[in-house]
Amino acid sequence: MASVFDVATYIIEQLGEMTAMKLQKLVYYSQAWSLVWDEEILFDSPIEAWVNGPVIRELYEAHKGIFKVNQGIFVNGSASNLTPLQKETIDGVLDFYGDKKSQWLSDLTHLEEPWKKAREEAGIKEGERGNAIIKIADMHEYYSGLSVTKSSV
């Protein structure tokens with residue numbers, strides 16, 4: 001199975017330097033759409049419902065304090081660990097979300113059920129810090145209902 005660092009490395013290789021927040025959201029959406037399109041978990045790392053949207057803590061710890069991330073930052077990641085199908089899925093995500101700004105992506109996640117449900121179930125109020133886990137099953141259920149195919153993104 002690919003690691004979150006493999007996914008992050010591939011995304012940076014495809015799009016170049018970006019904010020750490022944007023990378024977090026693109027990795028999140030890569031996981032979400034892999035669940036729907038491929039019926040596979042892309043990486044094992046849990047995703048937490050932070051105040052600014054979904055965050056993978058393991059990835060955050062590697063870029064903590066860095067505003068913009070670029071190639072070479074994740075020494076534990078290699079795009080060569082991804083299968084062609086995984087790359088195709090990530091490419092579909094990047095085609096749709098890749099040109100969006102960090103704040104736009106963060107705002108979008110705040111409108112979507114997986115992030116809201118994780119925070120609600122944990123009793124985390126709006127604007128309050130928290131680290132509730134976003135459940136894979138909730139991601140699959142929500143994004144499956146959007147009826148989006150790889151070719152339509």
# chains A, B, ... in the order shown; residues from 1 in each chain; ligands from 1
>>> closest_atom_pairs(of="region 69-111 of chain A", to="region 7-26 of chain A", cutoff="6 Å", atoms="only C-alpha atoms", output="tab-separated table")
residue	atom	partner	partner_atom	distance
A:Val69	CA	A:Glu17	CA	5.6
A:Asn70	CA	A:Glu17	CA	4.5
A:Gly77	CA	A:Thr9	CA	5.8
A:Ala79	CA	A:Tyr10	CA	4.9
A:Ser102	CA	A:Lys22	CA	4.4
>>> residues_around(residues="Ala118 (chain A)", least_positions_apart="4", cutoff="12 Å", atoms="only C-alpha atoms", output="list of chain:residue names")
A:Ile47, A:Glu48, A:Ala49, A:Trp50, A:Val51, A:Gly53, A:Pro54, A:Thr109, A:His110, A:Glu112, A:Glu113, A:Pro114, A:Ala122, A:Gly123, A:Ile124, A:Lys125, A:Gly130, A:Asn131, A:Ala132, A:Ile133, A:Ile134, A:Lys135, A:Ile136, A:Ala137, A:Asp138, A:Met139
>>> select_by_dssp(residues="chain A", states="alpha helix (DSSP H)", output="PyMOL selection string")
chain A and resi 4-15+20-33+57-63+84-97+102-111+113-121+136-144
>>> atom_distance(atom1="CA of Met1 (chain A)", atom2="CA of Leu42 (chain A)")
7.0 Å
>>> closest_residue(among="A:Asp91, A:Asp6, A:Arg57, A:Gly98", to="Gly72 (chain A)", atoms="only C-alpha atoms")
A:Asp6
>>> closest_residue(among="A:Phe74, A:Trp115, A:Trp37, A:Tyr143", to="Glu88 (chain A)", atoms="only C-alpha atoms")
A:Trp37
>>> residues_around(residues="His140 (chain A)", least_positions_apart="4", cutoff="12 Å", atoms="only C-alpha atoms", output="MDAnalysis selection string")
chainID A and resid 29:41 113:114 134:136 144:147
>>> select_by_dssp(residues="region 12-121 of chain A", states="strand (DSSP E)", output="PDB file with C-alpha atoms, in the first residue's frame")
ATOM      1  CA  MET A  18       2.125  24.823  -3.152  1.00  0.00           C
ATOM      2  CA  THR A  19       0.977  25.738   0.321  1.00  0.00           C
ATOM      3  CA  ILE A  47      -7.353  11.912   8.602  1.00  0.00           C
ATOM      4  CA  GLU A  48      -8.336  14.325  11.362  1.00  0.00           C
ATOM      5  CA  ALA A  49     -11.045  17.014  11.248  1.00  0.00           C
ATOM      6  CA  TRP A  50      -9.049  20.101  12.204  1.00  0.00           C
ATOM      7  CA  GLY A  53     -10.414  21.141   7.343  1.00  0.00           C
ATOM      8  CA  PRO A  54      -9.067  17.616   6.984  1.00  0.00           C
ATOM      9  CA  VAL A  55      -5.436  17.096   8.000  1.00  0.00           C
ATOM     10  CA  LYS A  68       5.078  26.269   0.997  1.00  0.00           C
ATOM     11  CA  VAL A  69       6.115  22.713   0.266  1.00  0.00           C
TER      12      VAL A  69
END
